[in-house]
file work37.tsv (TSV, C-alpha atoms)
chain	number	residue	atom	x	y	z
A	45	MET	CA	122.50	123.28	-76.37
A	46	ALA	CA	119.34	125.03	-75.48
A	47	PHE	CA	120.00	127.31	-72.56
A	48	THR	CA	117.46	129.09	-70.50
A	49	LEU	CA	118.03	132.02	-68.21
A	50	TYR	CA	117.35	129.77	-65.28
A	51	SER	CA	120.16	127.43	-66.20
A	52	LEU	CA	122.48	130.41	-66.56
A	53	ILE	CA	121.62	131.57	-63.06
A	54	GLN	CA	122.14	128.06	-61.75
A	55	THR	CA	125.54	127.84	-63.42
A	56	ALA	CA	126.59	131.22	-62.06
A	57	ILE	CA	125.57	130.32	-58.52
A	58	LEU	CA	127.32	126.97	-58.63
A	59	CYS	CA	130.53	128.49	-59.99
A	60	THR	CA	130.51	131.22	-57.36
A	61	ASN	CA	129.93	128.64	-54.71
A	62	ALA	CA	132.81	126.54	-56.01
A	63	ILE	CA	135.16	129.52	-55.84
A	64	ALA	CA	133.93	130.42	-52.38
A	65	VAL	CA	134.43	127.00	-50.80
A	66	LEU	CA	137.93	126.54	-52.18
A	67	HIS	CA	139.85	125.89	-49.00
A	68	GLU	CA	142.84	128.06	-48.36
A	69	GLU	CA	145.18	125.72	-46.55
A	70	ARG	CA	144.39	122.45	-48.15
A	71	PHE	CA	144.59	123.37	-51.78
A	72	LEU	CA	145.82	126.82	-52.57
A	73	SER	CA	148.92	126.78	-50.39
A	74	LYS	CA	149.95	123.48	-51.88
A	75	ILE	CA	149.91	124.98	-55.36
A	76	GLY	CA	151.62	128.08	-54.16
A	77	TRP	CA	148.59	130.29	-54.43
A	78	GLY	CA	148.18	131.02	-50.74
A	79	VAL	CA	147.08	134.38	-49.48
A	80	ASP	CA	150.52	135.26	-48.19
A	81	GLN	CA	152.32	134.43	-51.38
A	82	GLY	CA	150.63	136.42	-54.07
A	83	VAL	CA	149.93	139.97	-53.12
A	84	GLY	CA	153.23	141.74	-53.30
A	85	GLY	CA	152.99	143.90	-56.34
A	86	PHE	CA	151.79	147.39	-55.53
A	87	GLY	CA	153.01	148.65	-58.83
A	88	ASP	CA	150.94	149.68	-61.71
A	89	ASP	CA	150.31	146.18	-62.90
A	90	PRO	CA	149.84	143.33	-60.41
A	91	GLY	CA	150.01	140.53	-62.97
A	92	ILE	CA	147.56	137.76	-63.71
A	93	LYS	CA	148.29	135.54	-60.73
A	94	ALA	CA	147.75	138.34	-58.22
A	95	GLN	CA	144.55	139.35	-59.96
A	96	ILE	CA	143.16	135.83	-59.79
A	97	LEU	CA	144.11	135.50	-56.13
A	98	ASN	CA	142.45	138.83	-55.40
A	99	LEU	CA	139.35	137.69	-57.19
A	100	ILE	CA	139.17	134.41	-55.25
A	101	ARG	CA	139.67	136.14	-51.94
A	102	SER	CA	137.07	138.81	-52.64
A	103	VAL	CA	134.53	136.23	-53.80
A	104	ARG	CA	135.11	134.30	-50.60
A	105	THR	CA	134.66	137.40	-48.44
A	106	VAL	CA	131.54	138.51	-50.22
A	107	MET	CA	130.00	135.06	-50.01
A	108	ARG	CA	130.81	134.87	-46.32
A	109	VAL	CA	129.05	138.16	-45.64
A	110	PHE	CA	126.15	137.16	-47.84
A	111	HIS	CA	125.89	133.75	-46.26
A	112	THR	CA	125.99	135.13	-42.72
A	113	LEU	CA	123.35	137.71	-43.49
A	114	LEU	CA	121.13	135.17	-45.17
A	115	LEU	CA	121.52	132.63	-42.40
A	116	HIS	CA	120.87	134.88	-39.43
A	117	PHE	CA	118.28	137.22	-40.85
A	118	GLY	CA	116.64	134.51	-42.86
A	119	LEU	CA	116.03	132.54	-39.72
A	120	ALA	CA	114.59	135.62	-38.08
A	121	PHE	CA	112.13	136.05	-40.93
A	122	ILE	CA	111.09	132.46	-40.85
A	123	LYS	CA	110.40	132.71	-37.16
B	245	MET	CA	94.18	146.05	-56.42
B	246	PRO	CA	94.28	145.16	-60.12
B	247	ASN	CA	90.56	145.90	-60.47
B	248	GLU	CA	90.99	149.48	-59.35
B	249	VAL	CA	93.92	149.89	-61.70
B	250	VAL	CA	91.85	148.57	-64.59
B	251	GLU	CA	88.97	150.88	-63.73
B	252	LEU	CA	91.23	153.89	-63.40
B	253	SER	CA	92.92	153.18	-66.69
B	254	TRP	CA	89.53	152.81	-68.34
B	255	ILE	CA	88.44	156.14	-66.90
B	256	LEU	CA	91.66	157.71	-68.12
B	257	VAL	CA	91.12	156.38	-71.63
B	258	GLU	CA	87.59	157.69	-71.69
B	259	LEU	CA	88.70	161.08	-70.43
B	260	ASN	CA	91.45	161.21	-73.00
B	261	THR	CA	89.02	160.66	-75.83
B	262	LYS	CA	86.71	163.31	-74.41
B	263	ALA	CA	89.60	165.66	-73.83
B	264	ARG	CA	90.79	165.29	-77.38
B	265	ALA	CA	87.45	166.32	-78.71
B	266	ALA	CA	87.42	169.50	-76.60
B	267	PRO	CA	90.63	171.53	-76.99
B	268	PRO	CA	90.52	172.48	-80.67
B	269	ALA	CA	87.38	174.38	-79.87
B	270	GLY	CA	88.81	175.38	-76.50
B	271	ASP	CA	91.70	177.09	-78.26
B	272	SER	CA	89.49	179.27	-80.30
B	273	VAL	CA	87.48	180.18	-77.17
B	274	LEU	CA	90.40	180.76	-74.77
B	275	PHE	CA	92.89	182.53	-76.97
B	276	GLU	CA	90.56	184.97	-78.75
B	277	ASP	CA	92.76	185.25	-81.77
B	278	THR	CA	91.74	187.84	-84.27
B	279	SER	CA	93.96	186.60	-87.12
B	280	SER	CA	92.38	183.89	-89.16
B	281	ALA	CA	95.53	181.76	-89.46
B	282	ALA	CA	96.37	181.70	-85.73
B	283	PRO	CA	93.79	179.23	-84.34
B	284	ALA	CA	94.87	176.59	-86.80
B	285	MET	CA	98.51	177.17	-85.79
B	286	ASN	CA	97.72	176.90	-82.06
B	287	SER	CA	95.91	173.62	-82.27
B	288	GLN	CA	98.63	172.21	-84.49
B	289	GLY	CA	101.11	173.24	-81.85
B	290	TYR	CA	99.37	171.02	-79.32
B	291	TYR	CA	98.62	167.94	-81.37
B	292	THR	CA	100.99	166.96	-84.10
B	293	SER	CA	98.91	164.10	-85.45
B	294	GLY	CA	97.01	165.04	-88.53
B	295	TYR	CA	93.64	164.71	-86.97
B	296	ASN	CA	93.04	168.42	-86.39
B	297	MET	CA	92.81	169.38	-90.02
B	298	GLY	CA	89.12	170.00	-90.08
B	299	GLU	CA	88.16	171.63	-86.84
B	300	PRO	CA	86.23	174.73	-87.93
B	301	SER	CA	83.29	172.42	-88.37
B	302	ASN	CA	83.65	171.02	-84.85
B	303	ASP	CA	83.45	174.32	-83.05
B	304	MET	CA	79.85	174.10	-81.99
B	305	GLN	CA	79.90	170.50	-80.75
B	306	GLY	CA	83.33	170.96	-79.15
B	307	GLY	CA	82.18	173.80	-76.93
B	308	GLY	CA	79.43	171.63	-75.51
B	309	GLY	CA	81.91	168.82	-74.87
B	310	MET	CA	84.17	171.04	-72.81
B	311	ASN	CA	81.37	172.04	-70.52
B	312	ASN	CA	80.54	168.39	-69.94
B	313	LEU	CA	84.12	167.71	-68.93
B	314	PHE	CA	84.20	170.21	-66.08
B	315	ALA	CA	80.67	169.60	-64.91
B	316	ASP	CA	81.47	165.98	-64.06
B	317	PRO	CA	83.25	166.07	-60.70
B	318	MET	CA	83.66	162.36	-60.39
B	319	ALA	CA	85.52	162.16	-63.66
B	320	ASN	CA	87.61	165.15	-62.63
B	321	ALA	CA	88.57	163.59	-59.35
B	322	ALA	CA	89.34	160.29	-61.02
B	323	MET	CA	91.49	162.03	-63.59
B	324	MET	CA	93.55	163.85	-60.97
B	325	TYR	CA	93.93	160.74	-58.86
B	326	GLY	CA	94.97	158.74	-61.89
B	327	SER	CA	97.53	161.30	-62.99
B	328	SER	CA	99.06	161.50	-59.50
B	329	LEU	CA	99.21	157.71	-59.40
B	330	ALA	CA	100.93	157.64	-62.75
B	331	ASN	CA	103.43	160.27	-61.59
B	332	GLN	CA	104.25	158.28	-58.48
B	333	GLY	CA	104.73	155.14	-60.50
B	334	LYS	CA	106.97	156.95	-62.95
B	335	ASP	CA	109.14	158.38	-60.15
B	336	MET	CA	109.48	155.02	-58.50
B	337	VAL	CA	110.47	153.29	-61.71
B	338	ASN	CA	113.02	155.99	-62.51
B	339	LYS	CA	114.56	155.72	-59.07
B	340	GLU	CA	114.86	151.96	-59.23
B	341	ILE	CA	116.33	151.93	-62.69
B	342	SER	CA	118.87	154.64	-61.98
B	343	ARG	CA	120.20	152.53	-59.15
B	344	PHE	CA	121.38	149.88	-61.56
B	345	MET	CA	122.50	151.74	-64.62
B	346	SER	CA	122.88	155.37	-65.40
B	347	VAL	CA	120.24	156.32	-67.91
B	348	ASN	CA	122.33	159.10	-69.44
B	349	LYS	CA	124.99	156.66	-70.46
B	350	LEU	CA	122.33	154.47	-72.00
B	351	LYS	CA	120.83	157.40	-73.89
B	352	TYR	CA	124.19	157.97	-75.54
B	353	PHE	CA	123.96	154.57	-77.15
B	354	PHE	CA	120.56	155.14	-78.65
B	355	ALA	CA	121.28	158.52	-80.19
B	356	VAL	CA	121.36	157.27	-83.75
B	357	ASP	CA	119.92	158.38	-87.01
B	358	THR	CA	119.23	156.75	-90.34
B	359	ARG	CA	122.45	157.74	-91.99
B	360	TYR	CA	124.50	156.23	-89.17
B	361	VAL	CA	122.53	153.00	-89.17
B	362	LEU	CA	122.92	152.53	-92.92
B	363	LYS	CA	126.63	153.24	-92.86
B	364	LYS	CA	127.18	150.99	-89.88
B	365	LEU	CA	125.31	148.12	-91.46
B	366	MET	CA	127.40	148.48	-94.57
B	367	ILE	CA	130.58	148.47	-92.50
B	368	LEU	CA	129.42	145.36	-90.66
B	369	MET	CA	128.84	143.50	-93.88
B	370	PHE	CA	131.78	144.87	-95.84
B	371	PRO	CA	134.43	146.33	-93.55
B	372	TYR	CA	137.34	145.96	-95.92
B	373	THR	CA	137.14	149.39	-97.49
B	374	HIS	CA	136.64	151.40	-94.31
B	375	GLN	CA	139.72	153.51	-93.72
B	376	ASP	CA	139.51	155.26	-90.44
B	377	TRP	CA	138.61	153.21	-87.36
B	378	GLU	CA	139.41	155.76	-84.68
B	379	VAL	CA	136.64	156.80	-82.35
B	380	ARG	CA	136.65	160.56	-82.38
B	381	TYR	CA	136.47	162.42	-79.10
B	382	HIS	CA	135.15	165.83	-78.29
B	383	ARG	CA	136.81	167.28	-75.23
B	384	ASP	CA	137.33	163.98	-73.49
B	385	THR	CA	133.90	162.51	-74.11
B	386	PRO	CA	133.25	160.21	-77.02
B	387	LEU	CA	131.05	161.54	-79.77
B	388	THR	CA	127.53	160.25	-80.14
B	389	PRO	CA	126.81	157.75	-82.89
B	390	ARG	CA	125.08	160.49	-84.82
B	391	GLN	CA	128.36	162.28	-85.35
B	392	ASP	CA	130.83	159.44	-85.53
B	393	VAL	CA	130.43	156.26	-87.51
B	394	ASN	CA	132.96	154.39	-85.39
B	395	ALA	CA	131.07	154.88	-82.16
B	396	SER	CA	129.23	151.81	-80.94
B	397	ASP	CA	125.52	151.92	-80.36
B	398	LEU	CA	122.91	149.67	-78.86
B	399	TYR	CA	120.14	150.33	-81.34
B	400	ILE	CA	121.43	148.01	-84.05
B	401	PRO	CA	122.09	145.08	-81.68
B	402	THR	CA	118.66	145.38	-80.08
B	403	MET	CA	116.83	145.55	-83.37
B	404	ALA	CA	118.95	142.77	-84.85
B	405	PHE	CA	118.27	140.55	-81.86
B	406	ILE	CA	114.52	140.99	-82.14
B	407	THR	CA	114.64	140.49	-85.89
B	408	TYR	CA	116.66	137.34	-85.38
B	409	ILE	CA	114.04	135.94	-83.03
B	410	LEU	CA	111.26	136.70	-85.49
B	411	LEU	CA	113.24	135.20	-88.33
B	412	ALA	CA	113.95	132.09	-86.28
B	413	GLY	CA	110.25	131.72	-85.67
B	414	MET	CA	109.57	132.05	-89.37
B	415	ALA	CA	112.28	129.55	-90.29
B	416	LEU	CA	110.93	127.05	-87.82
B	417	GLY	CA	107.46	127.60	-89.15
B	418	ILE	CA	108.63	126.88	-92.67
B	419	GLN	CA	109.96	123.56	-91.45
B	420	LYS	CA	106.74	122.94	-89.55
B	421	ARG	CA	108.58	122.75	-86.27
B	422	PHE	CA	107.13	125.87	-84.74
B	423	SER	CA	105.57	126.26	-81.34
B	424	PRO	CA	105.59	129.27	-79.01
B	425	GLU	CA	107.80	127.53	-76.47
B	426	VAL	CA	110.48	126.92	-79.05
B	427	LEU	CA	110.49	130.61	-79.86
B	428	GLY	CA	111.02	131.54	-76.23
B	429	LEU	CA	113.73	128.91	-75.94
B	430	CYS	CA	115.52	130.30	-78.98
B	431	ALA	CA	115.32	133.82	-77.60
B	432	SER	CA	116.65	132.90	-74.21
B	433	THR	CA	119.44	130.78	-75.68
B	434	ALA	CA	120.66	133.68	-77.79
B	435	LEU	CA	120.41	136.03	-74.82
B	436	VAL	CA	122.33	133.63	-72.60
B	437	TRP	CA	125.15	133.36	-75.11
B	438	VAL	CA	125.42	137.14	-75.27
B	439	ILE	CA	125.57	137.33	-71.48
B	440	ILE	CA	128.21	134.59	-71.32
B	441	GLU	CA	130.33	136.30	-73.92
B	442	VAL	CA	130.11	139.67	-72.20
B	443	LEU	CA	131.00	138.12	-68.84
B	444	VAL	CA	133.99	136.28	-70.28
B	445	MET	CA	135.22	139.45	-71.96
B	446	LEU	CA	134.82	141.45	-68.75
B	447	LEU	CA	136.63	138.78	-66.76
B	448	SER	CA	139.53	138.59	-69.16
B	449	LEU	CA	139.84	142.37	-69.36
B	450	TYR	CA	139.87	142.56	-65.58
B	451	LEU	CA	142.43	139.80	-65.19
B	452	LEU	CA	144.83	141.36	-67.61
B	453	THR	CA	144.38	144.81	-66.06
B	454	VAL	CA	143.79	146.39	-69.37
B	455	HIS	CA	143.12	150.08	-68.88
B	456	THR	CA	140.50	150.67	-71.45
B	457	ASP	CA	137.42	152.78	-71.75
B	458	LEU	CA	135.29	149.92	-72.95
B	459	SER	CA	132.26	149.94	-70.72
B	460	THR	CA	129.86	147.05	-70.25
B	461	PHE	CA	127.47	148.58	-72.75
B	462	ASP	CA	130.22	148.75	-75.36
B	463	LEU	CA	130.87	145.05	-74.92
B	464	ILE	CA	127.17	144.31	-75.18
B	465	ALA	CA	127.12	146.33	-78.38
B	466	TYR	CA	130.05	144.46	-79.89
B	467	SER	CA	128.48	141.15	-78.94
B	468	GLY	CA	125.21	142.21	-80.45
B	469	TYR	CA	126.65	143.13	-83.80
B	470	LYS	CA	126.92	139.46	-84.70
B	471	TYR	CA	123.14	139.26	-84.93
B	472	VAL	CA	123.29	141.27	-88.12
B	473	GLY	CA	125.51	138.61	-89.62
B	474	MET	CA	123.19	135.92	-88.30
B	475	ILE	CA	120.16	137.47	-89.93
B	476	PHE	CA	121.95	137.71	-93.25
B	477	THR	CA	123.08	134.09	-92.95
B	478	VAL	CA	119.65	132.75	-92.09
B	479	LEU	CA	118.02	134.72	-94.90
B	480	CYS	CA	120.46	133.37	-97.45
B	481	GLY	CA	119.98	129.91	-96.07
B	482	LEU	CA	116.23	130.17	-96.44
B	483	LEU	CA	116.36	131.66	-99.90
B	484	PHE	CA	119.18	129.70	-101.48
B	485	GLY	CA	119.24	126.44	-99.58
B	486	SER	CA	122.18	124.81	-97.92
B	487	ASP	CA	124.85	126.12	-100.28
B	488	GLY	CA	123.69	129.68	-99.87
B	489	TYR	CA	123.78	129.17	-96.13
B	490	PHE	CA	127.42	128.17	-96.06
B	491	VAL	CA	128.49	130.90	-98.46
B	492	ALA	CA	126.69	133.53	-96.40
B	493	LEU	CA	128.12	132.03	-93.22
B	494	ALA	CA	131.66	132.31	-94.53
B	495	TRP	CA	131.10	135.85	-95.79
B	496	SER	CA	129.56	137.22	-92.63
B	497	SER	CA	132.08	135.39	-90.43
B	498	PHE	CA	135.04	136.97	-92.18
B	499	ALA	CA	133.42	140.37	-92.27
B	500	LEU	CA	132.55	140.19	-88.59
B	501	MET	CA	135.99	138.93	-87.58
B	502	PHE	CA	137.65	141.74	-89.48
B	503	PHE	CA	135.31	144.27	-87.92
B	504	ILE	CA	135.85	143.03	-84.36
B	505	VAL	CA	139.63	142.85	-84.68
B	506	ARG	CA	139.92	146.32	-86.15
B	507	SER	CA	137.55	147.86	-83.62
B	508	LEU	CA	138.97	146.23	-80.52
B	509	LYS	CA	142.54	146.81	-81.65
B	510	MET	CA	141.94	150.53	-81.31
B	511	LYS	CA	140.58	150.18	-77.83
B	512	ILE	CA	142.53	147.40	-76.16
B	513	LEU	CA	145.96	147.21	-77.66
B	514	PRO	CA	147.65	150.59	-77.47
B	515	SER	CA	148.50	151.79	-74.00
B	516	LEU	CA	146.95	155.19	-74.00
B	517	SER	CA	146.87	155.93	-70.29
B	518	SER	CA	148.84	159.06	-69.61
B	519	ASP	CA	149.18	158.59	-65.87
B	520	SER	CA	151.13	155.36	-65.81
B	521	MET	CA	154.68	156.52	-66.43
B	522	GLY	CA	154.39	155.45	-70.01
B	523	MET	CA	154.22	151.75	-69.22
B	524	GLY	CA	150.52	151.09	-69.59
B	525	SER	CA	149.65	147.50	-69.05
B	526	ASN	CA	152.82	145.45	-69.16
B	527	ALA	CA	151.02	142.16	-68.99
B	528	LYS	CA	152.51	141.00	-72.24
B	529	PRO	CA	150.82	142.65	-75.21
B	530	GLN	CA	150.55	139.20	-76.71
B	531	LEU	CA	147.90	138.32	-74.19
B	532	ARG	CA	145.87	141.32	-75.21
B	533	LEU	CA	146.24	140.27	-78.81
B	534	TYR	CA	145.03	136.82	-77.82
B	535	ILE	CA	141.92	138.30	-76.29
B	536	THR	CA	141.09	140.22	-79.44
B	537	VAL	CA	141.69	137.27	-81.71
B	538	ALA	CA	139.85	134.87	-79.43
B	539	SER	CA	136.78	137.03	-79.25
B	540	ALA	CA	136.88	137.39	-83.00
B	541	LEU	CA	137.17	133.63	-83.50
B	542	PHE	CA	134.29	133.04	-81.14
B	543	GLN	CA	131.86	134.84	-83.42
B	544	PRO	CA	131.66	132.37	-86.33
B	545	ILE	CA	131.31	129.48	-83.90
B	546	ILE	CA	128.40	131.14	-82.24
B	547	ILE	CA	126.83	132.13	-85.52
B	548	TYR	CA	127.01	128.57	-86.74
B	549	TRP	CA	125.70	127.21	-83.46
B	550	LEU	CA	122.71	129.46	-83.29
B	551	THR	CA	121.64	129.24	-86.91
B	552	SER	CA	122.41	125.76	-88.15
B	553	HIS	CA	119.32	124.25	-86.61
B	554	LEU	CA	117.20	126.77	-88.46
B	555	VAL	CA	118.43	125.85	-91.90
B	556	ARG	CA	118.46	122.17	-92.49
call {"tool": "encode", "arguments": {"input": "work37.tsv", "output": "structure tokens"}}
result
Amino acid sequence: MAFTLYSLIQTAILCTNAIAVLHEERFLSKIGWGVDQGVGGFGDDPGIKAQILNLIRSVRTVMRVFHTLLLHFGLAFIK
Amino acid sequence: MPNEVVELSWILVELNTKARAAPPAGDSVLFEDTSSAAPAMNSQGYYTSGYNMGEPSNDMQGGGGMNNLFADPMANAAMMYGSSLANQGKDMVNKEISRFMSVNKLKYFFAVDTRYVLKKLMILMFPYTHQDWEVRYHRDTPLTPRQDVNASDLYIPTMAFITYILLAGMALGIQKRFSPEVLGLCASTALVWVIIEVLVMLLSLYLLTVHTDLSTFDLIAYSGYKYVGMIFTVLCGLLFGSDGYFVALAWSSFALMFFIVRSLKMKILPSLSSDSMGMGSNAKPQLRLYITVASALFQPIIIYWLTSHLVR
């Protein structure tokens, strides 16, 4: 498997995109990973499931901000 | 724009060669030393290269050269402009780099000396007799690699990576399969695997909320130590054929696995945090053991993957 840096970047972007478009209601609630079901532990150690849910939610938020910025300001630059 | 830069750099080079001819004589003119030993000491203080050993003979020509330097206003102006340009460039580069990583932390990893490198290489190849794997601290900061053999550094991984690329080029050339693109491909493949491994380690450490002081650079260092094993394996494969390759592969795999498990055990497994009511990370210590063992098992696979095509 000969990788190049470009393929690594492609893989990273596609994985991030996949995490970001994971729909909350359709999939995660069905498995029991909804946003209202995971984040209870404020103790010292949240546990793996809460960490993964946090990660998914933060990736989604960051990609939304990034996507909005890119869309609106990118259009302004093109104009 | 590039033309001006080329011209300025050419002017700077020319001025540097002129400037080097002048100061040994300039010292004897400016400082007016009466002792006979002092002028030689002064010029050696400025230039450490051994080129100033015979300057008493250059005194007469050197004095003339210095006058030429200051009588040429264009060269003077160009020199000052060039030096201010270089300073601006240097400041800009420093500012940009310090936004991404702190340079002081990086300097810690390159503070090595010969004794440390030799001992560390021996530990990497034969870790079974090393007794004490604790990283020693000095008032809450880890000791530099110069003072502590167990500290991780980035010098060995960097050098080993570059050596591995050169060795891969040589091995491919021996098999008459060499071309510059293949070399670049090999380099970027190895780099990508290091990045993947570091990212997976970071992700798993984050998910298991392990409170450890392993920074990203530490993980890069531990991933880079496998290149030493790879170099040894490829060399044995080239020298002794296919049997030598497998023997060296087995040897360096076991040595590396032992090294990684012992090193990471110190850092990941015990719960050392003093502010957590004594519980540390209660995400099942087995999972942390799994991480250590998994990252250790990953090394021989990667070594085999990246070197088998070099030794047929």
call {"tool": "interface_residues", "arguments": {"input": "work37.tsv", "of": "chain A", "to": "chain B", "cutoff": "6 Å", "atoms": "only C-alpha atoms", "output": "PyMOL selection string"}}
result
chain A and resi 46-48+92+95
call {"tool": "atom_distance", "arguments": {"input": "work37.tsv", "atom1": "atom CA of A:Ser102", "atom2": "atom CA of A:Ile63"}}
result
10.0 Å
call {"tool": "atom_distance", "arguments": {"input": "work37.tsv", "atom1": "atom CA of A:Gly91", "atom2": "atom CA of B:Thr385"}}
result
29.4 Å
call {"tool": "atom_distance", "arguments": {"input": "work37.tsv", "atom1": "atom CA of A:Glu69", "atom2": "atom CA of A:Arg101"}}
result
13.0 Å
call {"tool": "residues_around", "arguments": {"input": "work37.tsv", "residues": "A:Met107", "least_positions_apart": "2", "cutoff": "10 Å", "atoms": "all atoms listed in the file", "output": "list in words"}}
result
Thr60, Asn61, Ile63, Ala64, Val65, Arg101, Ser102, Val103, Arg104, Thr105, Val109, Phe110, His111, Thr112 and Leu113 of chain A
call {"tool": "residues_around", "arguments": {"input": "work37.tsv", "residues": "B:Gln419", "least_positions_apart": "5", "cutoff": "12 Å", "atoms": "only C-alpha atoms", "output": "PDB file with C-alpha atoms, in the frame of the given file"}}
result
ATOM      1  CA  ALA B 412     113.950 132.090 -86.280  1.00  0.00           C
ATOM      2  CA  GLY B 413     110.250 131.720 -85.670  1.00  0.00           C
ATOM      3  CA  MET B 414     109.570 132.050 -89.370  1.00  0.00           C
ATOM      4  CA  LEU B 482     116.230 130.170 -96.440  1.00  0.00           C
ATOM      5  CA  HIS B 553     119.320 124.250 -86.610  1.00  0.00           C
ATOM      6  CA  LEU B 554     117.200 126.770 -88.460  1.00  0.00           C
ATOM      7  CA  VAL B 555     118.430 125.850 -91.900  1.00  0.00           C
ATOM      8  CA  ARG B 556     118.460 122.170 -92.490  1.00  0.00           C
TER       9      ARG B 556
END
